[in-house]
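Notes to accompany the following structure.
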2 protein chains.
Amino acid sequence: MATIYQVSALAGVSLATVSRVMNNNAKVSDKTKQKVVDAMKELGYRPNATARSLASSRSDSVGLLVSELHGPFFGQMMGGTESELRDAGKHVIITTGHSDEEKEIDGIEFLLSRNCDALILHVEAVSDEYLIKLNKGKVPIVLINRFIEEMADSCITLDNALGGYLMTKSILEKGHTEIAYISGPKWKSDSNERIKGHKKALQEYNLPFNEQLMYQGDFTQSGGCEGISSLLEVGRPFTVLICGNDEMASGALATARQKGLDVPKDLSIVGFDNVIYASLLFPTLTTIDYPIRDMGHMAARLVLKNIYGQKKLDIRHQFLPELVERDSTISI
Amino acid sequence: MATIYQVSALAGVSLATVSRVMNNNAKVSDKTKQKVVDAMKELGYRPNATARSLASSRSDSVGLLVSELHGPFFGQMMGGTESELRDAGKHVIITTGHSDEEKEIDGIEFLLSRNCDALILHVEAVSDEYLIKLNKGKVPIVLINRFIEEMADSCITLDNALGGYLMTKSILEKGHTEIAYISGPKWKSDSNERIKGHKKALQEYNLPFNEQLMYQGDFTQSGGCEGISSLLEVGRPFTVLICGNDEMASGALATARQKGLDVPKDLSIVGFDNVIYASLLFPTLTTIDYPIRDMGHMAARLVLKNIYGQKKLDIRHQFLPELVERDSTISI
DNA sequence: TTGTATGCGTTATCAT
DNA sequence: ATGATAACGCATACAA
């Protein structure tokens, strides 16, 4: 691989000059610039990003930490962030945290060690204190789907409580009173917020929250399957099943059908996220739209604005969920 | 951020010694090692991967290029590769090619410029020649879902032709003779191989290939929607619709239902890939299982074996597709 | 076992 | 406008 030395030698100029034309951040006469460009082309020169980064402590790349690489949710998020950044000529370095504190920290340290210009994090296990401290460091942080008062300017969030409220309200309006609920892991804030909204809606309708018909799932399809099975075994009838996300809802849907239940006639089901295949299920799934792709976009824009100086971008920190009514819910 | 200099000063040893305990690749007395470790801890020292990489021309990370970050196919592939590599203490740097030659090359150059120890590529647009040349370079390459004779040892492939054959044969066995086909882009090799297998099965049954009922889609859901609409307009009846992948199949399925067609009674539909939600659709989708997660795993193992010296791993280069019969196909 | 010195490929600060 | 040269943070061949 050709280096800057060889280019400078072939072009008959100094290292500094070659560097200047690469970064075109200083005046270079057209004549010498041409010589350099020619030399570069002849040698097939490609700058070494590592050396460049070491010398400049920049890297033109931003670190992105997601919980998982698979699944519709993170797929959309990564896609949104990457496309925006790529359009701006920046690269994204992706790694995973697997919702595990140690792995999340490991991932963050990896990204930091790669000299990322900024970090966009979807973290669930590390503490607020850790993040606050991290945020005081040299590398700017953007938090997605998590709100921390002390670093509010760096947070891109969805109003999960509102989402939980909307989904419950919609089924209460349909006359349901016997409600089962498969939540996400209780230690995840979005699960909890959704439950909060759920309870608020119940309160407005003077309905009690029934702990018996609450099952704690794990946001996966199979979690939804196990959830509905377990809930049916409780023996207490319910006319609607609220799921903490679409993946669990789709699992529950399939299991319900296997058990001979007609959705929505025998049982209404609601999801959360509006994943790409929610409208392909049968019946099509009523859910809450989570504009995660837009939020991924916005996280990228926040970085572009704060770190890469694209001042004119306007930023939105809080996104709103919306009810998407489809065929999996029915009035009774 | 603390550097190796500060650690060496605090510990009262030389740079080299600090470096040795970091990499523990040379004898260091327990006593001095302890001093160094203590100093590191006290300073919260974290090695700078960039500097490290520049000095050693290694990076303990492998570059991964996929076409897209979203979608069930690439999600599974990335997940498989990352988990295997992460378990081995290596990191993955992911970037995208968007099935576009220029972007694929840009992505590869980015990965190369980051000093990746190896590259795992799912590329569709760059030429064989480019890859062969790339493969002669310093950085080892692994190709996934693409076969090039000259670098066969670096390829992890699925027998797409066999898959195409299996899917067609299964519906021929069911008595279908009026067959419509929504293919992937014709310039993608997997699309083509699947069509080849399709034709081979037709031949065995002495059935003609009907160009009229062939629609070229783009492997997306909406492509499937457009495909079936267009095919229905041809006016020539068909009892089965073969789709180049599950995403198009799911789009076609939804559109078919919208148009009042009963799947599978009025129309059988087959997909390809066996994506995670194929079994959640209604009716559940008959498809060809593409073990892409395993293949992602295997690509990682190939790297671990060849580059990171884990010699005992055994490698499999060719994977076989399997028919998964579900409810979207029926005998006539 | 430990230390010294040099190189890795750039950027950036001085000069000129 | 251009050139010398010192960082950047670490690995490593060579000495001791």
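Labeling convention for the structure tokens: chains A, B, ... as they appear, residues from 1 per chain, ligands from 1 in order of appearance.
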- If you count only C-alpha atoms (C1' of nucleotides), which residues fall within 12 Å of A:Leu172, apart from same-chain ones fewer than 6 positions away, as a VMD selection string? chain A and resid 165 to 166 178 to 179 198 to 207 239 to 242 268 329 to 332
Kindly determine which residues of chain D lie within 10 Å of chain A, considering only C-alpha atoms (C1' of nucleotides), and give the answer as a PDB file with all heavy atoms, in the first residue's frame.
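Result file follows (out_16.pdb):
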ATOM      1  P    DA D   1      -1.425  30.910  -1.418  1.00  0.00           P
ATOM      2  OP1  DA D   1      -2.321  31.241  -2.494  1.00  0.00           O
ATOM      3  OP2  DA D   1      -2.012  30.460  -0.110  1.00  0.00           O
ATOM      4  O5'  DA D   1      -0.401  29.803  -1.885  1.00  0.00           O
ATOM      5  C5'  DA D   1       0.173  29.876  -3.174  1.00  0.00           C
ATOM      6  C4'  DA D   1       1.520  29.234  -3.093  1.00  0.00           C
ATOM      7  O4'  DA D   1       2.226  29.774  -1.932  1.00  0.00           O
ATOM      8  C3'  DA D   1       1.493  27.719  -2.907  1.00  0.00           C
ATOM      9  O3'  DA D   1       2.506  27.145  -3.718  1.00  0.00           O
ATOM     10  C2'  DA D   1       1.791  27.523  -1.414  1.00  0.00           C
ATOM     11  C1'  DA D   1       2.700  28.702  -1.121  1.00  0.00           C
ATOM     12  N9   DA D   1       2.621  29.178   0.270  1.00  0.00           N
ATOM     13  C8   DA D   1       1.510  29.584   0.952  1.00  0.00           C
ATOM     14  N7   DA D   1       1.755  29.966   2.188  1.00  0.00           N
ATOM     15  C5   DA D   1       3.133  29.816   2.323  1.00  0.00           C
ATOM     16  C6   DA D   1       4.018  30.029   3.397  1.00  0.00           C
ATOM     17  N6   DA D   1       3.622  30.499   4.577  1.00  0.00           N
ATOM     18  N1   DA D   1       5.321  29.768   3.191  1.00  0.00           N
ATOM     19  C2   DA D   1       5.712  29.306   1.992  1.00  0.00           C
ATOM     20  N3   DA D   1       4.971  29.055   0.913  1.00  0.00           N
ATOM     21  C4   DA D   1       3.671  29.321   1.148  1.00  0.00           C
ATOM     22  P    DT D   2       2.621  25.586  -3.879  1.00  0.00           P
ATOM     23  OP1  DT D   2       3.249  25.298  -5.179  1.00  0.00           O
ATOM     24  OP2  DT D   2       1.315  25.010  -3.535  1.00  0.00           O
ATOM     25  O5'  DT D   2       3.662  25.239  -2.737  1.00  0.00           O
ATOM     26  C5'  DT D   2       5.045  25.406  -2.997  1.00  0.00           C
ATOM     27  C4'  DT D   2       5.850  25.165  -1.754  1.00  0.00           C
ATOM     28  O4'  DT D   2       5.301  25.877  -0.632  1.00  0.00           O
ATOM     29  C3'  DT D   2       5.942  23.719  -1.287  1.00  0.00           C
ATOM     30  O3'  DT D   2       7.212  23.209  -1.666  1.00  0.00           O
ATOM     31  C2'  DT D   2       5.753  23.778   0.220  1.00  0.00           C
ATOM     32  C1'  DT D   2       5.817  25.268   0.528  1.00  0.00           C
ATOM     33  N1   DT D   2       5.021  25.741   1.698  1.00  0.00           N
ATOM     34  C2   DT D   2       5.685  26.063   2.858  1.00  0.00           C
ATOM     35  O2   DT D   2       6.889  25.963   2.987  1.00  0.00           O
ATOM     36  N3   DT D   2       4.874  26.502   3.875  1.00  0.00           N
ATOM     37  C4   DT D   2       3.494  26.654   3.835  1.00  0.00           C
ATOM     38  O4   DT D   2       2.874  27.063   4.811  1.00  0.00           O
ATOM     39  C5   DT D   2       2.873  26.300   2.589  1.00  0.00           C
ATOM     40  C7   DT D   2       1.393  26.437   2.435  1.00  0.00           C
ATOM     41  C6   DT D   2       3.649  25.863   1.583  1.00  0.00           C
ATOM     42  P    DG D   3       7.516  21.655  -1.357  1.00  0.00           P
ATOM     43  OP1  DG D   3       8.410  21.148  -2.418  1.00  0.00           O
ATOM     44  OP2  DG D   3       6.251  20.954  -1.051  1.00  0.00           O
ATOM     45  O5'  DG D   3       8.365  21.795  -0.009  1.00  0.00           O
ATOM     46  C5'  DG D   3       9.400  22.765   0.048  1.00  0.00           C
ATOM     47  C4'  DG D   3      10.065  22.731   1.406  1.00  0.00           C
ATOM     48  O4'  DG D   3       9.199  23.397   2.382  1.00  0.00           O
ATOM     49  C3'  DG D   3      10.340  21.339   1.964  1.00  0.00           C
ATOM     50  O3'  DG D   3      11.630  21.327   2.565  1.00  0.00           O
ATOM     51  C2'  DG D   3       9.242  21.143   3.005  1.00  0.00           C
ATOM     52  C1'  DG D   3       9.033  22.559   3.514  1.00  0.00           C
ATOM     53  N9   DG D   3       7.708  22.839   4.037  1.00  0.00           N
ATOM     54  C8   DG D   3       6.509  22.648   3.396  1.00  0.00           C
ATOM     55  N7   DG D   3       5.477  23.008   4.109  1.00  0.00           N
ATOM     56  C5   DG D   3       6.018  23.457   5.303  1.00  0.00           C
ATOM     57  C6   DG D   3       5.390  23.974   6.466  1.00  0.00           C
ATOM     58  O6   DG D   3       4.194  24.138   6.666  1.00  0.00           O
ATOM     59  N1   DG D   3       6.318  24.295   7.448  1.00  0.00           N
ATOM     60  C2   DG D   3       7.679  24.157   7.327  1.00  0.00           C
ATOM     61  N2   DG D   3       8.400  24.523   8.377  1.00  0.00           N
ATOM     62  N3   DG D   3       8.288  23.681   6.245  1.00  0.00           N
ATOM     63  C4   DG D   3       7.392  23.349   5.275  1.00  0.00           C
ATOM     64  P    DA D   4      12.420  19.967   2.749  1.00  0.00           P
ATOM     65  OP1  DA D   4      13.555  19.914   1.820  1.00  0.00           O
ATOM     66  OP2  DA D   4      11.407  18.883   2.757  1.00  0.00           O
ATOM     67  O5'  DA D   4      13.014  20.139   4.219  1.00  0.00           O
ATOM     68  C5'  DA D   4      12.157  20.635   5.147  1.00  0.00           C
ATOM     69  C4'  DA D   4      12.793  20.943   6.464  1.00  0.00           C
ATOM     70  O4'  DA D   4      11.736  21.542   7.213  1.00  0.00           O
ATOM     71  C3'  DA D   4      13.225  19.711   7.273  1.00  0.00           C
ATOM     72  O3'  DA D   4      14.089  20.111   8.332  1.00  0.00           O
ATOM     73  C2'  DA D   4      11.889  19.212   7.759  1.00  0.00           C
ATOM     74  C1'  DA D   4      11.111  20.529   8.012  1.00  0.00           C
ATOM     75  N9   DA D   4       9.695  20.453   7.592  1.00  0.00           N
ATOM     76  C8   DA D   4       9.191  19.961   6.420  1.00  0.00           C
ATOM     77  N7   DA D   4       7.883  20.028   6.335  1.00  0.00           N
ATOM     78  C5   DA D   4       7.509  20.607   7.547  1.00  0.00           C
ATOM     79  C6   DA D   4       6.258  20.954   8.080  1.00  0.00           C
ATOM     80  N6   DA D   4       5.109  20.761   7.445  1.00  0.00           N
ATOM     81  N1   DA D   4       6.230  21.506   9.305  1.00  0.00           N
ATOM     82  C2   DA D   4       7.403  21.712   9.941  1.00  0.00           C
ATOM     83  N3   DA D   4       8.646  21.438   9.542  1.00  0.00           N
ATOM     84  C4   DA D   4       8.617  20.877   8.321  1.00  0.00           C
ATOM     85  P    DA D   7       7.542  17.403  20.186  1.00  0.00           P
ATOM     86  OP1  DA D   7       6.331  18.065  20.736  1.00  0.00           O
ATOM     87  OP2  DA D   7       8.769  17.306  20.999  1.00  0.00           O
ATOM     88  O5'  DA D   7       7.175  15.940  19.692  1.00  0.00           O
ATOM     89  C5'  DA D   7       6.156  15.231  20.353  1.00  0.00           C
ATOM     90  C4'  DA D   7       4.790  15.678  19.861  1.00  0.00           C
ATOM     91  O4'  DA D   7       4.832  15.812  18.418  1.00  0.00           O
ATOM     92  C3'  DA D   7       3.723  14.650  20.189  1.00  0.00           C
ATOM     93  O3'  DA D   7       2.583  15.256  20.729  1.00  0.00           O
ATOM     94  C2'  DA D   7       3.439  13.952  18.870  1.00  0.00           C
ATOM     95  C1'  DA D   7       3.881  14.942  17.812  1.00  0.00           C
ATOM     96  N9   DA D   7       4.528  14.230  16.712  1.00  0.00           N
ATOM     97  C8   DA D   7       5.845  13.858  16.617  1.00  0.00           C
ATOM     98  N7   DA D   7       6.137  13.226  15.494  1.00  0.00           N
ATOM     99  C5   DA D   7       4.923  13.190  14.815  1.00  0.00           C
ATOM    100  C6   DA D   7       4.549  12.660  13.567  1.00  0.00           C
ATOM    101  N6   DA D   7       5.393  12.038  12.750  1.00  0.00           N
ATOM    102  N1   DA D   7       3.258  12.785  13.190  1.00  0.00           N
ATOM    103  C2   DA D   7       2.404  13.408  14.014  1.00  0.00           C
ATOM    104  N3   DA D   7       2.632  13.956  15.203  1.00  0.00           N
ATOM    105  C4   DA D   7       3.935  13.805  15.550  1.00  0.00           C
ATOM    106  P    DC D   8       1.780  14.501  21.881  1.00  0.00           P
ATOM    107  OP1  DC D   8       0.995  15.522  22.627  1.00  0.00           O
ATOM    108  OP2  DC D   8       2.760  13.656  22.582  1.00  0.00           O
ATOM    109  O5'  DC D   8       0.780  13.502  21.158  1.00  0.00           O
ATOM    110  C5'  DC D   8      -0.082  13.880  20.105  1.00  0.00           C
ATOM    111  C4'  DC D   8      -0.659  12.635  19.475  1.00  0.00           C
ATOM    112  O4'  DC D   8       0.057  12.363  18.250  1.00  0.00           O
ATOM    113  C3'  DC D   8      -0.497  11.373  20.319  1.00  0.00           C
ATOM    114  O3'  DC D   8      -1.717  11.118  20.995  1.00  0.00           O
ATOM    115  C2'  DC D   8      -0.154  10.268  19.318  1.00  0.00           C
ATOM    116  C1'  DC D   8       0.016  10.986  17.986  1.00  0.00           C
ATOM    117  N1   DC D   8       1.266  10.662  17.249  1.00  0.00           N
ATOM    118  C2   DC D   8       1.215  10.452  15.861  1.00  0.00           C
ATOM    119  O2   DC D   8       0.126  10.522  15.298  1.00  0.00           O
ATOM    120  N3   DC D   8       2.357  10.162  15.198  1.00  0.00           N
ATOM    121  C4   DC D   8       3.524  10.098  15.854  1.00  0.00           C
ATOM    122  N4   DC D   8       4.617   9.817  15.159  1.00  0.00           N
ATOM    123  C5   DC D   8       3.591  10.314  17.263  1.00  0.00           C
ATOM    124  C6   DC D   8       2.460  10.589  17.906  1.00  0.00           C
ATOM    125  P    DG D   9      -1.632  10.739  22.575  1.00  0.00           P
ATOM    126  OP1  DG D   9      -2.968  11.015  23.117  1.00  0.00           O
ATOM    127  OP2  DG D   9      -0.442  11.349  23.173  1.00  0.00           O
ATOM    128  O5'  DG D   9      -1.409   9.168  22.543  1.00  0.00           O
ATOM    129  C5'  DG D   9      -2.411   8.346  21.955  1.00  0.00           C
ATOM    130  C4'  DG D   9      -1.881   6.947  21.801  1.00  0.00           C
ATOM    131  O4'  DG D   9      -0.817   6.960  20.828  1.00  0.00           O
ATOM    132  C3'  DG D   9      -1.279   6.345  23.078  1.00  0.00           C
ATOM    133  O3'  DG D   9      -1.809   5.056  23.246  1.00  0.00           O
ATOM    134  C2'  DG D   9       0.222   6.324  22.805  1.00  0.00           C
ATOM    135  C1'  DG D   9       0.243   6.158  21.293  1.00  0.00           C
ATOM    136  N9   DG D   9       1.449   6.660  20.637  1.00  0.00           N
ATOM    137  C8   DG D   9       2.246   7.710  21.036  1.00  0.00           C
ATOM    138  N7   DG D   9       3.253   7.936  20.218  1.00  0.00           N
ATOM    139  C5   DG D   9       3.109   6.977  19.226  1.00  0.00           C
ATOM    140  C6   DG D   9       3.900   6.720  18.075  1.00  0.00           C
ATOM    141  O6   DG D   9       4.909   7.318  17.689  1.00  0.00           O
ATOM    142  N1   DG D   9       3.399   5.655  17.325  1.00  0.00           N
ATOM    143  C2   DG D   9       2.285   4.932  17.657  1.00  0.00           C
ATOM    144  N2   DG D   9       1.954   3.942  16.826  1.00  0.00           N
ATOM    145  N3   DG D   9       1.536   5.153  18.730  1.00  0.00           N
ATOM    146  C4   DG D   9       2.001   6.180  19.466  1.00  0.00           C
TER     147       DG D   9
END
- Task: Rank B:Arg58, B:Lys196, B:Lys259, B:Arg326 by their smallest atom-to-atom distance to chain C, using only C-alpha atoms (C1' of nucleotides), and report the top residue only.
- Result: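 Nearest to chain C: B:Arg58.
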Closest atom pairs, chain C residues within 7 Å of chain A, only C-alpha atoms (C1' of nucleotides), as CSV:
residue,atom,partner,partner_atom,distance
C:DG9,C1',A:Ala51,CA,4.9
C:DT10,C1',A:Arg52,CA,4.5
C:DT11,C1',A:Ala55,CA,5.1
- Message: Set the cut-off to 9 Å and count only C-alpha atoms: what are the residues of chain B that reach chain A? Output as an MDAnalysis selection string.
- Response: chainID B and resid 1 46:51 53:54 68:79 82 91:96 107 109:110 112:115 138 250:251 253:254 276:277 279:283
- Per DSSP on the backbone, what are the alpha helix (DSSP H) residues of stretch 109-276 of chain B, as a VMD selection string? chain B and resid 109 to 113 128 to 135 160 to 173 189 to 204 221 to 234 246 to 258
- Message: For the strand (DSSP E) assignment from backbone DSSP, which residues of stretch 112-282 of chain A qualify? Please present them as a PyMOL selection string.
- Response: chain A and resi 118-121+141-144+155-158+179-183+214-216+240-243+268-270
- What gap, in Å, lies between atom CA of A:Ala256 and atom CA of A:Ser229?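 Separating atom CA of A:Ala256 from atom CA of A:Ser229 is a distance of 8.3 Å.
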- Given the choices B:Gln6, B:Asn210, B:Asn274, B:Gln318, which gets closest to B:Gly44 if the distance is worked out from only C-alpha atoms? B:Gln6
- Message: Residues within 7 Å of stretch 287-298 of chain A, please, as a PyMOL selection string. Count only C-alpha atoms (C1' of nucleotides); anything in the same chain fewer than 6 positions from it doesn't count.
- Response: chain A and resi 76-78+80-81+84+156+163+167+270-274+315+321-325
Could those residues be written to a file, using N, CA and C atoms, as an mmCIF file, in the first residue's frame?
data_model
loop_
_atom_site.group_PDB
_atom_site.id
_atom_site.type_symbol
_atom_site.label_atom_id
_atom_site.label_comp_id
_atom_site.auth_asym_id
_atom_site.auth_seq_id
_atom_site.Cartn_x
_atom_site.Cartn_y
_atom_site.Cartn_z
ATOM 1 N N GLN A 76 -34.127 -1.242 11.618
ATOM 2 C CA GLN A 76 -34.593 0.070 11.171
ATOM 3 C C GLN A 76 -33.759 1.192 11.772
ATOM 4 N N MET A 77 -33.437 1.037 13.029
ATOM 5 C CA MET A 77 -32.658 2.080 13.702
ATOM 6 C C MET A 77 -31.280 2.238 13.056
ATOM 7 N N MET A 78 -30.602 1.123 12.880
ATOM 8 C CA MET A 78 -29.266 1.185 12.269
ATOM 9 C C MET A 78 -29.349 1.756 10.865
ATOM 10 N N GLY A 80 -31.534 3.772 9.592
ATOM 11 C CA GLY A 80 -31.795 5.205 9.615
ATOM 12 C C GLY A 80 -30.547 5.999 9.931
ATOM 13 N N THR A 81 -29.839 5.568 10.925
ATOM 14 C CA THR A 81 -28.637 6.290 11.331
ATOM 15 C C THR A 81 -27.564 6.228 10.250
ATOM 16 N N GLU A 84 -28.184 8.395 6.958
ATOM 17 C CA GLU A 84 -28.001 9.838 7.147
ATOM 18 C C GLU A 84 -26.513 10.191 7.243
ATOM 19 N N ILE A 156 -32.654 11.188 22.513
ATOM 20 C CA ILE A 156 -33.717 11.091 21.505
ATOM 21 C C ILE A 156 -34.662 10.014 22.017
ATOM 22 N N GLY A 163 -47.532 5.918 24.596
ATOM 23 C CA GLY A 163 -47.830 4.745 23.775
ATOM 24 C C GLY A 163 -48.642 3.725 24.553
ATOM 25 N N MET A 167 -52.522 2.603 23.613
ATOM 26 C CA MET A 167 -52.923 1.249 23.255
ATOM 27 C C MET A 167 -54.021 0.758 24.195
ATOM 28 N N VAL A 270 -53.056 -6.665 20.787
ATOM 29 C CA VAL A 270 -52.403 -5.394 20.427
ATOM 30 C C VAL A 270 -50.900 -5.536 20.603
ATOM 31 N N GLY A 271 -50.168 -4.915 19.724
ATOM 32 C CA GLY A 271 -48.715 -4.936 19.839
ATOM 33 C C GLY A 271 -48.170 -3.533 20.049
ATOM 34 N N PHE A 272 -46.859 -3.423 19.909
ATOM 35 C CA PHE A 272 -46.206 -2.121 20.071
ATOM 36 C C PHE A 272 -44.944 -2.141 19.207
ATOM 37 N N ASP A 273 -44.758 -1.134 18.422
ATOM 38 C CA ASP A 273 -43.574 -0.914 17.568
ATOM 39 C C ASP A 273 -43.947 -0.666 16.113
ATOM 40 N N ASN A 274 -44.988 -1.386 15.653
ATOM 41 C CA ASN A 274 -45.327 -1.348 14.230
ATOM 42 C C ASN A 274 -44.141 -1.777 13.380
ATOM 43 N N ILE A 315 -33.409 19.907 15.326
ATOM 44 C CA ILE A 315 -33.412 18.664 16.086
ATOM 45 C C ILE A 315 -34.714 18.511 16.853
ATOM 46 N N PRO A 321 -45.580 8.422 19.816
ATOM 47 C CA PRO A 321 -46.127 7.176 19.258
ATOM 48 C C PRO A 321 -47.538 7.426 18.747
ATOM 49 N N GLU A 322 -47.973 6.594 17.848
ATOM 50 C CA GLU A 322 -49.336 6.742 17.320
ATOM 51 C C GLU A 322 -50.015 5.390 17.212
ATOM 52 N N LEU A 323 -51.281 5.401 17.477
ATOM 53 C CA LEU A 323 -52.050 4.165 17.374
ATOM 54 C C LEU A 323 -52.276 3.816 15.909
ATOM 55 N N VAL A 324 -52.043 2.553 15.586
ATOM 56 C CA VAL A 324 -52.341 2.072 14.233
ATOM 57 C C VAL A 324 -53.371 0.959 14.356
ATOM 58 N N GLU A 325 -54.589 1.279 14.015
ATOM 59 C CA GLU A 325 -55.640 0.277 14.177
ATOM 60 C C GLU A 325 -55.707 -0.640 12.975
#
- Message: Report, in Å to a single decimal, how far apart atom CA of A:Leu213 and atom CA of A:Ile182 are.
- Response: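 These atoms are spaced 8.3 Å apart.
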- Message: What does the structure give for the distance between atom CA of B:Tyr215 and atom CA of B:Leu143, in Å to one decimal?
- Response: 28.6 Å
- 7 Å contact set for A:Gly164, only C-alpha atoms (C1' of nucleotides), chain neighbours under 4 positions out, as a count of residues only: 6
